Amino acid sequence: MTRTFSGVKPTGHLTLGNYLGAVRRWAETDQHRSDALFGIVDLHALTVEHDPARVRRLSRQAATLLLAAGLDPELCTVFVQSHVDEHARLSYLLECTATDGEMRRMIQYREKGALARAAGESVRLSLLTYPVLMAADILAYATDEVPVGDDQAQHVELTRDLAIRFNQRYGHVFTVPKAVHPQVAARVMDLQDPTSKMGKSTDGGAGVVYLLDDPDVVRRKIMRAVTDSGRDVAYDPGTRPGVANLLEILAACENGNPEGLAGAYASYGAVKKDTAEAVVELLRPLRKRHAELAADPAYVDGVLRVGAARARGLARPLVDRAYRAIGLLPPG
């Protein structure tokens, strides 16, 4: 059975973009067709300034939301990255395989480093090296496929390069994964800036629908969404990104297509109203299930404990083999 790995970083509350772009597919498709591992990659949240209590809180919330969205512990493995030591163990070996030039060419390092400097903050070394930790997340489990969007393709290419280089130098240890780009995933844009992706780390949140927003808050955010010049409703992401974003969200909620929906509307207000109600109804069962799970933290802890044990069982033999291959003396 094909093995896949996907992760979510607890740097903010999960959004409608996270759900429509990835999490819904994980629940409806990936956990059924593959041996799927889903990690709360909390170590990645430490690459920038953070509040420790908030990282812990968001990690638990993310795990609870993944379960509420339909991930079934009987079908897949849900765990917290820092609960499995093999991620950090393997990351150092891969740092010894990667080069400084490779790290400095990573697009997200350049972008996030520039933002940190502009804000007068120092740039942590972990921001430079975290793509290696991401590679370790993938390679530790002999992952075959990594479902990613275009913005993460560079990280999978680095992972492939490191796996091939390690195998050539020290003997075959790692499966060389491939990136897969699911066709069903929706790309949800910020409601206030429809040229930017809806992100959970966005400041303010006026253009971001969070999965746990109250229904009235969801309606208010969508009704206040930026639209475009012109009065007729047309699907044209290039010249009318605002209404195109709303049509794409509505289409994703109703399993329709945005081009077809556009012809059914005579005003932007009607599009907003229907989109708001569609999102509220889409999130209603998820919010209900989240409330039930949040009231039973022992269950969530149990799922994470079992998930970490299974992940550890998969990763440890492979990482131990990598340690031997690179020349480290095994413990007595």
# chains A, B, ... in the order shown; residues from 1 in each chain; ligands from 1
>>> select_by_dssp(residues="segment 116-212 of chain A", states="alpha helix (DSSP H)", output="ChimeraX atom specification")
/A:116-118,125-139,153-170
>>> write_last_selection(atoms="N, CA and C atoms", output="short mmCIF file (atom, residue, chain, number, x, y, z; two decimals), in the first residue's frame")
data_model
loop_
_atom_site.label_atom_id
_atom_site.label_comp_id
_atom_site.auth_asym_id
_atom_site.auth_seq_id
_atom_site.Cartn_x
_atom_site.Cartn_y
_atom_site.Cartn_z
N ALA A 116 11.45 38.90 8.85
CA ALA A 116 11.98 39.00 10.21
C ALA A 116 12.93 40.19 10.33
N ARG A 117 13.79 40.35 9.35
CA ARG A 117 14.74 41.47 9.40
C ARG A 117 14.01 42.81 9.31
N ALA A 118 12.98 42.86 8.47
CA ALA A 118 12.22 44.10 8.34
C ALA A 118 11.51 44.46 9.64
N LEU A 125 18.58 30.22 13.30
CA LEU A 125 19.25 29.24 12.46
C LEU A 125 18.27 28.16 12.01
N SER A 126 17.30 27.84 12.86
CA SER A 126 16.33 26.79 12.52
C SER A 126 15.48 27.18 11.32
N LEU A 127 15.33 28.48 11.06
CA LEU A 127 14.58 28.89 9.87
C LEU A 127 15.35 28.51 8.61
N LEU A 128 16.67 28.54 8.70
CA LEU A 128 17.50 28.13 7.57
C LEU A 128 17.45 26.62 7.37
N THR A 129 17.47 25.87 8.48
CA THR A 129 17.62 24.41 8.37
C THR A 129 16.30 23.65 8.42
N TYR A 130 15.16 24.33 8.63
CA TYR A 130 13.92 23.56 8.80
C TYR A 130 13.52 22.75 7.58
N PRO A 131 13.92 23.12 6.34
CA PRO A 131 13.59 22.22 5.23
C PRO A 131 14.24 20.84 5.39
N VAL A 132 15.36 20.76 6.10
CA VAL A 132 15.98 19.46 6.36
C VAL A 132 15.13 18.67 7.35
N LEU A 133 14.59 19.34 8.37
CA LEU A 133 13.68 18.67 9.28
C LEU A 133 12.44 18.20 8.54
N MET A 134 11.96 19.00 7.59
CA MET A 134 10.81 18.59 6.79
C MET A 134 11.15 17.35 5.97
N ALA A 135 12.37 17.30 5.45
CA ALA A 135 12.80 16.11 4.72
C ALA A 135 12.84 14.90 5.65
N ALA A 136 13.30 15.11 6.89
CA ALA A 136 13.33 14.01 7.85
C ALA A 136 11.93 13.51 8.16
N ASP A 137 10.96 14.44 8.26
CA ASP A 137 9.57 14.05 8.50
C ASP A 137 9.11 13.04 7.45
N ILE A 138 9.52 13.28 6.22
CA ILE A 138 9.08 12.45 5.10
C ILE A 138 9.87 11.16 5.00
N LEU A 139 11.20 11.27 5.07
CA LEU A 139 12.05 10.12 4.83
C LEU A 139 12.03 9.10 5.96
N ALA A 153 6.46 22.40 -3.41
CA ALA A 153 7.15 21.48 -4.32
C ALA A 153 8.66 21.54 -4.14
N GLN A 154 9.21 22.73 -3.86
CA GLN A 154 10.65 22.87 -3.70
C GLN A 154 11.16 22.03 -2.53
N HIS A 155 10.35 21.93 -1.46
CA HIS A 155 10.77 21.14 -0.30
C HIS A 155 10.83 19.65 -0.63
N VAL A 156 9.89 19.18 -1.43
CA VAL A 156 9.91 17.77 -1.80
C VAL A 156 11.10 17.49 -2.71
N GLU A 157 11.43 18.43 -3.59
CA GLU A 157 12.60 18.25 -4.45
C GLU A 157 13.88 18.16 -3.62
N LEU A 158 13.98 19.01 -2.58
CA LEU A 158 15.13 18.92 -1.69
C LEU A 158 15.17 17.56 -0.99
N THR A 159 14.01 17.10 -0.54
CA THR A 159 13.94 15.80 0.12
C THR A 159 14.43 14.69 -0.80
N ARG A 160 14.01 14.73 -2.05
CA ARG A 160 14.45 13.73 -3.02
C ARG A 160 15.97 13.81 -3.22
N ASP A 161 16.49 15.03 -3.34
CA ASP A 161 17.93 15.20 -3.54
C ASP A 161 18.72 14.63 -2.37
N LEU A 162 18.25 14.90 -1.15
CA LEU A 162 18.97 14.41 0.04
C LEU A 162 18.89 12.89 0.13
N ALA A 163 17.75 12.32 -0.19
CA ALA A 163 17.61 10.86 -0.15
C ALA A 163 18.55 10.20 -1.15
N ILE A 164 18.58 10.73 -2.36
CA ILE A 164 19.44 10.15 -3.40
C ILE A 164 20.91 10.29 -3.02
N ARG A 165 21.29 11.46 -2.54
CA ARG A 165 22.69 11.70 -2.18
C ARG A 165 23.11 10.78 -1.03
N PHE A 166 22.27 10.65 0.00
CA PHE A 166 22.60 9.77 1.13
C PHE A 166 22.74 8.33 0.64
N ASN A 167 21.80 7.88 -0.18
CA ASN A 167 21.83 6.51 -0.68
C ASN A 167 23.09 6.24 -1.50
N GLN A 168 23.50 7.22 -2.30
CA GLN A 168 24.69 7.03 -3.13
C GLN A 168 25.97 7.00 -2.30
N ARG A 169 26.00 7.79 -1.24
CA ARG A 169 27.22 7.88 -0.43
C ARG A 169 27.35 6.73 0.57
N TYR A 170 26.23 6.33 1.16
CA TYR A 170 26.31 5.44 2.32
C TYR A 170 25.56 4.12 2.16
#
>>> residues_around(residues="segment 297-304 of chain A", least_positions_apart="4", cutoff="12 Å", atoms="only C-alpha atoms", output="ChimeraX atom specification")
/A:37-40,59-68,71-84,290-293,308-312
>>> closest_residue(among="A:Arg104, A:His181, A:Arg3, A:Arg54", to="Thr143 of chain A", atoms="only C-alpha atoms")
A:Arg3
>>> atom_distance(atom1="atom CA of Ser196 of chain A", atom2="atom CA of Ala114 of chain A")
17.7 Å
>>> closest_residue(among="A:Val23, A:Ala262, A:Leu286, A:Val180", to="Asp236 of chain A", atoms="only C-alpha atoms")
A:Ala262
>>> closest_residue(among="A:Gln152, A:Arg284, A:Leu43, A:Pro241", to="Asp85 of chain A", atoms="only C-alpha atoms")
A:Leu43
